[in-house]
$ cat start08.pdb   # PDB, C-alpha atoms
MODEL        1
ATOM      1  CA  MET A   1     112.931 129.744  88.010
ATOM      2  CA  LYS A   2     114.913 127.628  85.546
ATOM      3  CA  ALA A   3     112.893 126.114  82.728
ATOM      4  CA  LYS A   4     115.000 123.003  82.365
ATOM      5  CA  ARG A   5     113.150 119.739  82.866
ATOM      6  CA  ARG A   6     114.306 116.140  82.841
ATOM      7  CA  TRP A   7     111.303 113.829  82.664
ATOM      8  CA  LEU A   8     111.225 110.260  83.774
ATOM      9  CA  GLY A   9     108.013 109.921  81.792
ATOM     10  CA  ALA A  10     109.741 111.127  78.641
ATOM     11  CA  ARG A  11     112.453 108.549  79.076
ATOM     12  CA  LEU A  12     109.855 105.840  79.427
ATOM     13  CA  GLY A  13     107.922 107.048  76.385
ATOM     14  CA  GLY A  14     104.236 106.681  75.549
ATOM     15  CA  PRO A  15     101.291 109.104  75.821
ATOM     16  CA  ALA A  16     100.435 108.246  79.406
ATOM     17  CA  ALA A  17     103.282 110.336  80.787
ATOM     18  CA  VAL A  18     102.109 113.349  78.786
ATOM     19  CA  ALA A  19      98.476 112.933  79.770
ATOM     20  CA  LEU A  20      99.443 112.748  83.432
ATOM     21  CA  GLY A  21     100.119 116.502  83.615
ATOM     22  CA  LEU A  22     102.235 115.996  86.740
ATOM     23  CA  LEU A  23     105.049 118.488  87.203
ATOM     24  CA  GLY A  24     105.292 119.454  83.541
ATOM     25  CA  GLY A  25     106.271 122.697  81.853
ATOM     26  CA  PRO A  26     107.861 125.786  83.347
ATOM     27  CA  ALA A  27     107.059 126.797  86.901
ATOM     28  CA  LEU A  28     106.407 130.490  86.460
ATOM     29  CA  ALA A  29     104.267 132.387  88.937
ATOM     30  CA  GLN A  30     103.951 131.740  92.616
ATOM     31  CA  THR A  31     101.404 133.028  95.079
ATOM     32  CA  THR A  32     101.778 132.911  98.811
ATOM     33  CA  THR A  33      99.225 132.735 101.546
ATOM     34  CA  PRO A  34      99.260 135.592 104.071
ATOM     35  CA  GLN A  35     101.946 135.327 106.722
ATOM     36  CA  PRO A  36     100.233 133.347 109.484
ATOM     37  CA  THR A  37     100.195 134.373 113.073
ATOM     38  CA  ALA A  38     100.251 132.006 116.007
ATOM     39  CA  PRO A  39      96.520 131.816 116.833
ATOM     40  CA  ALA A  40      94.992 130.615 120.043
ATOM     41  CA  GLU A  41      93.790 127.450 118.344
ATOM     42  CA  ALA A  42      97.423 126.353 118.023
ATOM     43  CA  ARG A  43      97.180 125.382 121.673
ATOM     44  CA  PRO A  44      96.363 121.710 122.328
ATOM     45  CA  ALA A  45      92.633 121.112 122.071
ATOM     46  CA  ALA A  46      90.625 119.618 124.881
ATOM     47  CA  GLN A  47      90.635 115.842 124.619
ATOM     48  CA  LEU A  48      88.235 113.342 126.063
ATOM     49  CA  PRO A  49      89.785 110.445 127.973
ATOM     50  CA  PRO A  50      90.290 107.313 125.855
ATOM     51  CA  SER A  51      87.969 104.380 126.282
ATOM     52  CA  PRO A  52      89.419 101.079 127.552
ATOM     53  CA  ALA A  53      91.398  99.106 124.975
ATOM     54  CA  ALA A  54      89.425  96.566 122.992
ATOM     55  CA  PRO A  55      90.907  93.056 123.272
ATOM     56  CA  ALA A  56      93.108  91.706 120.480
ATOM     57  CA  ALA A  57      90.822  88.657 120.301
ATOM     58  CA  SER A  58      88.424  90.755 118.216
ATOM     59  CA  LEU A  59      90.947  90.425 115.359
ATOM     60  CA  THR A  60      91.203  87.151 113.408
ATOM     61  CA  LEU A  61      94.572  86.258 111.883
ATOM     62  CA  VAL A  62      94.315  85.541 108.138
ATOM     63  CA  ARG A  63      97.983  85.047 107.256
ATOM     64  CA  THR A  64     101.520  86.247 107.879
ATOM     65  CA  VAL A  65     103.706  87.380 104.995
ATOM     66  CA  PRO A  66     107.515  87.332 105.350
ATOM     67  CA  LEU A  67     109.153  90.506 104.033
ATOM     68  CA  ALA A  68     112.600  91.813 104.887
ATOM     69  CA  GLN A  69     112.457  95.173 106.665
ATOM     70  CA  PRO A  70     109.154  96.623 105.426
ATOM     71  CA  GLY A  71     109.381 100.360 104.779
ATOM     72  CA  PRO A  72     106.779 102.992 103.855
ATOM     73  CA  ALA A  73     103.359 101.496 103.118
ATOM     74  CA  SER A  74      99.943 102.610 101.899
ATOM     75  CA  LEU A  75      96.480 101.269 101.074
ATOM     76  CA  ASP A  76      94.469 102.062  97.952
ATOM     77  CA  ARG A  77      90.701 102.391  97.679
ATOM     78  CA  ARG A  78      90.385  98.763  96.538
ATOM     79  CA  GLY A  79      91.995  97.488  99.732
ATOM     80  CA  ASN A  80      95.342  96.597  98.120
ATOM     81  CA  LEU A  81      98.471  97.053 100.216
ATOM     82  CA  TYR A  82     101.637  98.681  98.857
ATOM     83  CA  VAL A  83     104.833  98.310 100.863
ATOM     84  CA  THR A  84     108.560  98.662 100.184
ATOM     85  CA  ASP A  85     111.157  96.097 101.208
ATOM     86  CA  ALA A  86     114.797  96.275 102.299
ATOM     87  CA  LYS A  87     115.912  96.786  98.660
ATOM     88  CA  ASN A  88     113.369  99.616  98.187
ATOM     89  CA  SER A  89     111.348  97.536  95.745
ATOM     90  CA  LEU A  90     107.629  98.298  95.917
ATOM     91  CA  ARG A  91     105.342  95.295  96.353
ATOM     92  CA  GLN A  92     101.597  95.225  95.771
ATOM     93  CA  PHE A  93      99.513  92.780  97.811
ATOM     94  CA  GLY A  94      95.832  91.943  97.558
ATOM     95  CA  PRO A  95      93.511  92.593 100.523
ATOM     96  CA  GLU A  96      94.224  89.159 102.035
ATOM     97  CA  GLY A  97      97.998  89.464 101.606
ATOM     98  CA  GLN A  98      98.523  87.696  98.275
ATOM     99  CA  LEU A  99     101.387  89.138  96.178
ATOM    100  CA  LEU A 100     100.113  90.788  92.984
ATOM    101  CA  ALA A 101     103.052  92.729  91.520
ATOM    102  CA  THR A 102     106.539  94.066  92.243
ATOM    103  CA  TYR A 103     108.281  97.202  91.000
ATOM    104  CA  SER A 104     112.066  97.379  91.291
ATOM    105  CA  PRO A 105     113.547 100.835  90.613
ATOM    106  CA  PRO A 106     116.401 101.027  88.079
ATOM    107  CA  LEU A 107     118.448 103.166  90.494
ATOM    108  CA  VAL A 108     119.123 102.477  94.142
ATOM    109  CA  GLY A 109     117.479 105.042  96.389
ATOM    110  CA  HIS A 110     115.786 105.541  99.729
ATOM    111  CA  THR A 111     111.989 105.477  99.658
ATOM    112  CA  GLY A 112     110.703 108.348 101.766
ATOM    113  CA  SER A 113     106.985 107.738 101.255
ATOM    114  CA  VAL A 114     104.361 105.830  99.271
ATOM    115  CA  GLU A 115     100.853 107.200  98.640
ATOM    116  CA  ALA A 116      98.259 104.961  96.967
ATOM    117  CA  TRP A 117      94.978 106.578  98.045
ATOM    118  CA  ASN A 118      94.640 108.500  94.777
ATOM    119  CA  ALA A 119      92.192 106.467  92.686
ATOM    120  CA  ALA A 120      94.426 105.893  89.639
ATOM    121  CA  LYS A 121      98.016 106.678  90.643
ATOM    122  CA  ILE A 122     100.603 105.539  93.165
ATOM    123  CA  LEU A 123     103.164 108.151  94.175
ATOM    124  CA  VAL A 124     106.611 107.028  95.346
ATOM    125  CA  TYR A 125     109.011 109.638  96.712
ATOM    126  CA  TYR A 126     112.753 108.904  96.823
ATOM    127  CA  ASP A 127     113.893 111.562  99.276
ATOM    128  CA  ASP A 128     117.633 111.010  98.860
ATOM    129  CA  ARG A 129     117.392 111.683  95.098
ATOM    130  CA  GLN A 130     114.595 114.281  95.482
ATOM    131  CA  GLU A 131     112.708 112.330  92.833
ATOM    132  CA  LEU A 132     109.008 111.616  92.406
ATOM    133  CA  LEU A 133     107.793 108.553  90.547
ATOM    134  CA  VAL A 134     104.191 107.907  89.519
ATOM    135  CA  LEU A 135     102.973 104.359  88.856
ATOM    136  CA  ASP A 136      99.638 103.083  87.613
ATOM    137  CA  ARG A 137      97.639 100.521  89.580
ATOM    138  CA  PHE A 138      99.620  97.711  87.909
ATOM    139  CA  LEU A 139     102.916  99.275  89.092
ATOM    140  CA  ALA A 140     103.892 100.425  85.588
ATOM    141  CA  PRO A 141     105.734 103.801  85.579
ATOM    142  CA  ILE A 142     103.763 106.608  83.918
ATOM    143  CA  GLY A 143     105.650 109.762  84.911
ATOM    144  CA  GLY A 144     107.787 111.621  87.378
ATOM    145  CA  THR A 145     110.479 114.223  87.851
ATOM    146  CA  ARG A 146     113.282 115.462  90.054
ATOM    147  CA  LEU A 147     112.062 118.142  92.441
ATOM    148  CA  SER A 148     115.407 119.938  92.250
ATOM    149  CA  GLU A 149     114.401 120.893  88.699
ATOM    150  CA  VAL A 150     111.066 122.310  89.840
ATOM    151  CA  ILE A 151     111.747 123.913  93.237
ATOM    152  CA  ASP A 152     114.618 126.401  93.444
ATOM    153  CA  ASN A 153     116.735 126.580  96.590
ATOM    154  CA  GLY A 154     114.952 123.866  98.487
ATOM    155  CA  LEU A 155     115.291 120.465 100.085
ATOM    156  CA  ILE A 156     111.963 118.658  99.978
ATOM    157  CA  ARG A 157     111.532 116.536 103.094
ATOM    158  CA  LEU A 158     107.977 115.294 102.472
ATOM    159  CA  ALA A 159     105.755 114.889  99.411
ATOM    160  CA  THR A 160     102.230 113.602  98.834
ATOM    161  CA  ILE A 161      99.632 113.649  96.083
ATOM    162  CA  ALA A 162      96.150 115.095  96.631
ATOM    163  CA  PRO A 163      92.901 113.665  95.206
ATOM    164  CA  ASP A 164      92.902 116.422  92.541
ATOM    165  CA  ASP A 165      96.429 115.381  91.392
ATOM    166  CA  ASN A 166      98.069 118.456  92.930
ATOM    167  CA  LEU A 167     101.185 117.882  95.005
ATOM    168  CA  TRP A 168     101.896 118.973  98.561
ATOM    169  CA  LEU A 169     105.583 119.445  99.348
ATOM    170  CA  LEU A 170     107.384 120.381 102.556
ATOM    171  CA  ASN A 171     110.463 122.483 101.837
ATOM    172  CA  GLU A 172     112.698 121.880 104.836
ATOM    173  CA  SER A 173     115.255 124.498 103.757
ATOM    174  CA  ASN A 174     112.950 127.444 104.466
ATOM    175  CA  LEU A 175     110.157 125.677 106.407
ATOM    176  CA  THR A 176     107.525 126.292 103.753
ATOM    177  CA  LEU A 177     104.518 124.200 102.811
ATOM    178  CA  LEU A 178     104.084 124.214  99.022
ATOM    179  CA  GLN A 179     101.253 123.197  96.744
ATOM    180  CA  TYR A 180     102.267 122.410  93.175
ATOM    181  CA  ASN A 181      99.349 122.664  90.733
ATOM    182  CA  SER A 182      99.737 119.973  88.086
ATOM    183  CA  GLY A 183      97.298 121.584  85.653
ATOM    184  CA  GLN A 184      98.868 125.058  85.801
ATOM    185  CA  GLN A 185     102.343 123.539  86.176
ATOM    186  CA  ARG A 186     103.449 125.949  88.870
ATOM    187  CA  VAL A 187     103.601 126.459  92.626
ATOM    188  CA  THR A 188     100.272 128.012  93.582
ATOM    189  CA  VAL A 189     100.470 128.037  97.395
ATOM    190  CA  ALA A 190     103.412 128.719  99.678
ATOM    191  CA  THR A 191     102.629 128.746 103.407
ATOM    192  CA  PRO A 192     105.517 129.735 105.723
ATOM    193  CA  LEU A 193     105.635 127.708 108.920
ATOM    194  CA  ASP A 194     108.233 129.582 110.973
ATOM    195  CA  VAL A 195     105.718 131.838 112.753
ATOM    196  CA  LEU A 196     103.468 128.912 113.606
ATOM    197  CA  LEU A 197     106.351 126.885 114.978
ATOM    198  CA  SER A 198     107.712 129.800 117.018
ATOM    199  CA  ARG A 199     110.564 128.330 119.092
ATOM    200  CA  ILE A 200     109.692 124.713 118.348
ATOM    201  CA  LYS A 201     112.429 122.696 116.669
ATOM    202  CA  PRO A 202     110.324 120.531 114.342
ATOM    203  CA  ASP A 203     110.901 116.933 113.288
ATOM    204  CA  PHE A 204     108.525 116.516 110.353
ATOM    205  CA  ARG A 205     107.781 112.881 109.462
ATOM    206  CA  PHE A 206     104.572 112.535 107.428
ATOM    207  CA  LEU A 207     102.220 114.455 105.119
ATOM    208  CA  ARG A 208      98.767 113.456 103.889
ATOM    209  CA  GLU A 209      95.600 115.130 102.578
ATOM    210  CA  TYR A 210      92.309 113.682 103.809
ATOM    211  CA  GLN A 211      88.727 115.015 103.713
ATOM    212  CA  ASN A 212      89.889 118.378 102.316
ATOM    213  CA  ASN A 213      92.409 118.872 105.111
ATOM    214  CA  LEU A 214      96.162 118.492 105.034
ATOM    215  CA  TYR A 215      97.813 116.745 107.994
ATOM    216  CA  LEU A 216     101.482 117.445 108.728
ATOM    217  CA  VAL A 217     102.949 115.172 111.403
ATOM    218  CA  ASP A 218     105.669 116.694 113.573
ATOM    219  CA  ARG A 219     107.087 114.206 116.032
ATOM    220  CA  THR A 220     107.969 117.039 118.425
ATOM    221  CA  SER A 221     104.826 119.174 118.624
ATOM    222  CA  GLY A 222     101.930 117.136 117.213
ATOM    223  CA  ILE A 223      99.856 117.161 114.036
ATOM    224  CA  TRP A 224      99.415 120.461 112.201
ATOM    225  CA  VAL A 225      96.165 120.688 110.240
ATOM    226  CA  PHE A 226      95.707 122.937 107.191
ATOM    227  CA  ASP A 227      92.827 123.295 104.747
ATOM    228  CA  ASN A 228      93.236 122.383 101.075
ATOM    229  CA  LEU A 229      94.401 125.940 100.312
ATOM    230  CA  GLY A 230      97.253 125.757 102.796
ATOM    231  CA  ASN A 231      95.615 127.853 105.527
ATOM    232  CA  PHE A 232      96.400 126.771 109.082
ATOM    233  CA  ARG A 233      93.412 125.481 111.047
ATOM    234  CA  LYS A 234      94.561 123.802 114.261
ATOM    235  CA  ARG A 235      97.103 121.558 115.925
ATOM    236  CA  LEU A 236      96.236 118.150 117.357
ATOM    237  CA  PRO A 237      98.171 117.431 120.583
ATOM    238  CA  LEU A 238      99.435 114.018 119.470
ATOM    239  CA  THR A 239     103.209 113.932 119.862
ATOM    240  CA  GLY A 240     105.870 111.273 119.324
ATOM    241  CA  LEU A 241     104.380 110.034 116.026
ATOM    242  CA  SER A 242     106.053 109.246 112.713
ATOM    243  CA  TRP A 243     102.924 108.496 110.658
ATOM    244  CA  VAL A 244      99.143 108.415 110.872
ATOM    245  CA  GLY A 245      96.359 106.659 108.991
ATOM    246  CA  PHE A 246      92.739 107.529 108.319
ATOM    247  CA  ARG A 247      89.541 105.492 108.317
ATOM    248  CA  GLY A 248      86.104 107.081 108.143
ATOM    249  CA  ASP A 249      86.065 110.108 110.437
ATOM    250  CA  GLU A 250      88.951 108.828 112.529
ATOM    251  CA  LEU A 251      92.685 109.276 112.501
ATOM    252  CA  TYR A 252      94.661 106.328 113.833
ATOM    253  CA  TYR A 253      98.207 105.804 115.045
ATOM    254  CA  LEU A 254     100.323 103.302 116.967
ATOM    255  CA  LYS A 255     101.773 104.119 120.359
ATOM    256  CA  ASP A 256     102.881 102.044 123.361
ATOM    257  CA  GLY A 257     101.592  98.808 121.821
ATOM    258  CA  LEU A 258      98.088 100.202 121.348
ATOM    259  CA  LEU A 259      96.323 101.226 118.166
ATOM    260  CA  HIS A 260      94.660 104.571 118.884
ATOM    261  CA  PHE A 261      91.637 105.856 116.954
ATOM    262  CA  TYR A 262      91.183 109.617 117.325
ATOM    263  CA  HIS A 263      87.910 111.097 116.044
ATOM    264  CA  LEU A 264      88.647 114.108 113.838
ATOM    265  CA  TYR A 265      85.592 116.091 114.941
ATOM    266  CA  SER A 266      84.576 114.972 118.441
ATOM    267  CA  PHE A 267      88.242 114.402 119.565
ATOM    268  CA  GLN A 268      87.156 111.228 121.359
ATOM    269  CA  GLU A 269      89.738 108.466 121.438
ATOM    270  CA  ARG A 270      89.488 104.687 121.585
ATOM    271  CA  THR A 271      92.215 102.051 121.595
ATOM    272  CA  VAL A 272      92.736  98.487 120.393
ATOM    273  CA  LEU A 273      95.310  96.120 121.865
ATOM    274  CA  LEU A 274      97.373  94.577 119.056
ATOM    275  CA  PRO A 275      98.472  90.932 119.017
ATOM    276  CA  VAL A 276     101.772  91.935 117.356
ATOM    277  CA  PRO A 277     104.019  93.392 120.091
ATOM    278  CA  ASP A 278     106.806  94.468 117.699
ATOM    279  CA  ALA A 279     104.557  96.178 115.127
ATOM    280  CA  ALA A 280     106.173  99.334 113.750
ATOM    281  CA  GLN A 281     103.245 100.431 111.593
ATOM    282  CA  VAL A 282      99.600  99.479 111.190
ATOM    283  CA  LEU A 283      97.251 100.098 108.264
ATOM    284  CA  VAL A 284      93.501  99.645 108.636
ATOM    285  CA  GLY A 285      91.210  99.034 105.647
ATOM    286  CA  GLU A 286      87.516  98.330 105.423
ATOM    287  CA  GLN A 287      87.836  94.582 106.096
ATOM    288  CA  TYR A 288      91.426  93.933 107.123
ATOM    289  CA  LEU A 289      94.147  95.258 109.399
ATOM    290  CA  TYR A 290      97.839  94.997 108.436
ATOM    291  CA  ALA A 291     100.480  94.969 111.187
ATOM    292  CA  LEU A 292     104.004  95.581 109.858
ATOM    293  CA  SER A 293     107.022  94.368 111.829
ATOM    294  CA  PRO A 294     110.726  93.938 110.921
ATOM    295  CA  ALA A 295     110.121  90.368 109.677
ATOM    296  CA  GLY A 296     107.082  91.112 107.464
ATOM    297  CA  PHE A 297     103.426  91.786 108.079
ATOM    298  CA  ALA A 298     100.355  90.021 109.425
ATOM    299  CA  VAL A 299      96.862  90.298 107.962
ATOM    300  CA  TYR A 300      93.916  90.315 110.379
ATOM    301  CA  GLN A 301      90.206  90.159 109.614
ATOM    302  CA  LEU A 302      88.329  92.998 111.301
ATOM    303  CA  PRO A 303      85.207  92.121 113.277
ATOM    304  CA  ARG A 304      82.049  92.352 111.194
TER     305      ARG A 304
ENDMDL
END
$ encode --input "start08.pdb" --output "structure tokens"
Amino acid sequence: MKAKRRWLGARLGGPAAVALGLLGGPALAQTTTPQPTAPAEARPAAQLPPSPAAPAASLTLVRTVPLAQPGPASLDRRGNLYVTDAKNSLRQFGPEGQLLATYSPPLVGHTGSVEAWNAAKILVYYDDRQELLVLDRFLAPIGGTRLSEVIDNGLIRLATIAPDDNLWLLNESNLTLLQYNSGQQRVTVATPLDVLLSRIKPDFRFLREYQNNLYLVDRTSGIWVFDNLGNFRKRLPLTGLSWVGFRGDELYYLKDGLLHFYHLYSFQERTVLLPVPDAAQVLVGEQYLYALSPAGFAVYQLPR
């Protein structure tokens, strides 16, 4: 693997980029997990029927925030909302929707994903440039790199940062799930997905680690669940999705105008009727719900 590196953090200067330890140094060794077989648990699990939808009246509107064509969005552990706009600028809003900060990238690019759940870092992935950018909680750049300089012979479709600062990457060129260890500065896990997918033509949309499991959303076949070492565990039979969120022991998603909460362990499902009929994405925090639509987003107080 080529040892050349071109660091965004180095161009920005300062010790923070060095201390980050994200994607630095030569990527030398690589270990792979055993070639997986298609186990019986890949079949859709039994699912309890959903409970009746809770009425939208249980949500109290706090404010609406105009924003042109909101893109990828994420919540941090403090309840702040991060969302991109039509110009791919990243905006940070407080829990009640007040604007706190804005980051405008120096180069025009398409924002593939934003991940703010890591306690101290916000990861922004520009998929058209294959470039990762890491910001602090004030939206100041502290590091980053181009994945083409780290991963040979690959097109990275999805990227996310884990709580331990490692990166999970989906290489679409060879259908491989990769874990990049920031401390060792190398790829430490490579899980091939072709056997698991069998004859399925995947349409991967979203990647996120939560409660020591990695969730890979395929719009065609459902949600593929791996442990934090890249070993396949099961597939959730939830198709037609482009993203999911997590709150407590539940996974949530938007479908057919309803917000679905799917319990990760009991597989029971409940639904909430949203007051925003054109919502394209919904994020749920501890106190507030954010419904994103083409014109902006609305902030709702959750019932106490």
$ resolve_selection --input "start08.pdb" --expression "the PyMOL selection byres ((chain A and resi 96) around 9)" --output "PDB file with C-alpha atoms, in the coordinates of the input"
ATOM      1  CA  VAL A  62      94.315  85.541 108.138  1.00  0.00           C
ATOM      2  CA  ARG A  63      97.983  85.047 107.256  1.00  0.00           C
ATOM      3  CA  GLY A  79      91.995  97.488  99.732  1.00  0.00           C
ATOM      4  CA  ASN A  80      95.342  96.597  98.120  1.00  0.00           C
ATOM      5  CA  PHE A  93      99.513  92.780  97.811  1.00  0.00           C
ATOM      6  CA  GLY A  94      95.832  91.943  97.558  1.00  0.00           C
ATOM      7  CA  PRO A  95      93.511  92.593 100.523  1.00  0.00           C
ATOM      8  CA  GLY A  97      97.998  89.464 101.606  1.00  0.00           C
ATOM      9  CA  GLN A  98      98.523  87.696  98.275  1.00  0.00           C
ATOM     10  CA  TYR A 288      91.426  93.933 107.123  1.00  0.00           C
ATOM     11  CA  VAL A 299      96.862  90.298 107.962  1.00  0.00           C
ATOM     12  CA  TYR A 300      93.916  90.315 110.379  1.00  0.00           C
ATOM     13  CA  GLN A 301      90.206  90.159 109.614  1.00  0.00           C
TER      14      GLN A 301
END
$ atom_distance --input "start08.pdb" --atom1 "atom CA of Lys201 of chain A" --atom2 "atom CA of Leu254 of chain A"
22.9 Å
$ atom_distance --input "start08.pdb" --atom1 "atom CA of Ser198 of chain A" --atom2 "atom CA of Thr176 of chain A"
13.7 Å
$ resolve_selection --input "start08.pdb" --expression "the PyMOL selection byres ((chain A and resi 138) around 10)" --output "compact mmCIF listing (two decimals) with C-alpha atoms, in the frame of the given file"
# COMPACT_ATOMS: atom_id res chain seq x y z
CA GLN A 92 101.60 95.22 95.77
CA LEU A 100 100.11 90.79 92.98
CA ALA A 101 103.05 92.73 91.52
CA THR A 102 106.54 94.07 92.24
CA TYR A 103 108.28 97.20 91.00
CA ALA A 120 94.43 105.89 89.64
CA LYS A 121 98.02 106.68 90.64
CA ILE A 122 100.60 105.54 93.16
CA LEU A 135 102.97 104.36 88.86
CA ASP A 136 99.64 103.08 87.61
CA ARG A 137 97.64 100.52 89.58
CA LEU A 139 102.92 99.28 89.09
CA ALA A 140 103.89 100.42 85.59
CA PRO A 141 105.73 103.80 85.58
$ atom_distance --input "start08.pdb" --atom1 "atom CA of Leu289 of chain A" --atom2 "atom CA of Val225 of chain A"
25.5 Å
$ resolve_selection --input "start08.pdb" --expression "the PyMOL selection byres ((chain A and resi 279) around 9)" --output "list in words"
Leu254, Gly257, Leu274, Pro275, Val276, Pro277, Asp278, Ala280, Gln281, Val282, Ala291, Leu292, Ser293, Pro294 and Phe297 of chain A
$ closest_residue --input "start08.pdb" --among "A:Arg146, A:Asp164, A:Ala73, A:Ala68" --to "Asp85 of chain A" --atoms "all atoms listed in the file"
A:Ala68
$ closest_atom_pairs --input "start08.pdb" --of "segment 57-78 of chain A" --to "segment 105-112 of chain A" --cutoff "12 Å" --atoms "only C-alpha atoms" --output "Markdown table"
| residue | atom | partner | partner_atom | distance |
| --- | --- | --- | --- | --- |
| A:Pro70 | CA | A:Thr111 | CA | 10.9 |
| A:Gly71 | CA | A:Thr111 | CA | 7.7 |
| A:Pro72 | CA | A:Gly112 | CA | 7.0 |
| A:Ala73 | CA | A:Thr111 | CA | 10.1 |
$ write_last_selection --input "start08.pdb" --atoms "C-alpha atoms" --output "tab-separated table (two decimals), in the coordinates of the input"
chain	number	residue	atom	x	y	z
A	70	PRO	CA	109.15	96.62	105.43
A	71	GLY	CA	109.38	100.36	104.78
A	72	PRO	CA	106.78	102.99	103.86
A	73	ALA	CA	103.36	101.50	103.12
$ closest_residue --input "start08.pdb" --among "A:Val134, A:Leu214, A:Val272, A:Ile223" --to "Arg235 of chain A" --atoms "only C-alpha atoms"
A:Ile223
$ closest_residue --input "start08.pdb" --among "A:Ala295, A:Leu167, A:Leu216, A:Leu264" --to "Gln184 of chain A" --atoms "only C-alpha atoms"
A:Leu167
$ closest_residue --input "start08.pdb" --among "A:Ala298, A:Ala119, A:Leu132, A:Leu177" --to "Thr64 of chain A" --atoms "only C-alpha atoms"
A:Ala298
$ residues_around --input "start08.pdb" --residues "Asn228 of chain A" --least-positions-apart "2" --cutoff "7 Å" --atoms "all atoms listed in the file" --output "VMD selection string"
chain A and resid 212 to 214 226 230
$ write_last_selection --input "start08.pdb" --atoms "C-alpha atoms" --output "PDB file, in the frame of the given file"
ATOM      1  CA  ASN A 212      89.889 118.378 102.316  1.00  0.00           C
ATOM      2  CA  ASN A 213      92.409 118.872 105.111  1.00  0.00           C
ATOM      3  CA  LEU A 214      96.162 118.492 105.034  1.00  0.00           C
ATOM      4  CA  PHE A 226      95.707 122.937 107.191  1.00  0.00           C
ATOM      5  CA  GLY A 230      97.253 125.757 102.796  1.00  0.00           C
TER       6      GLY A 230
END
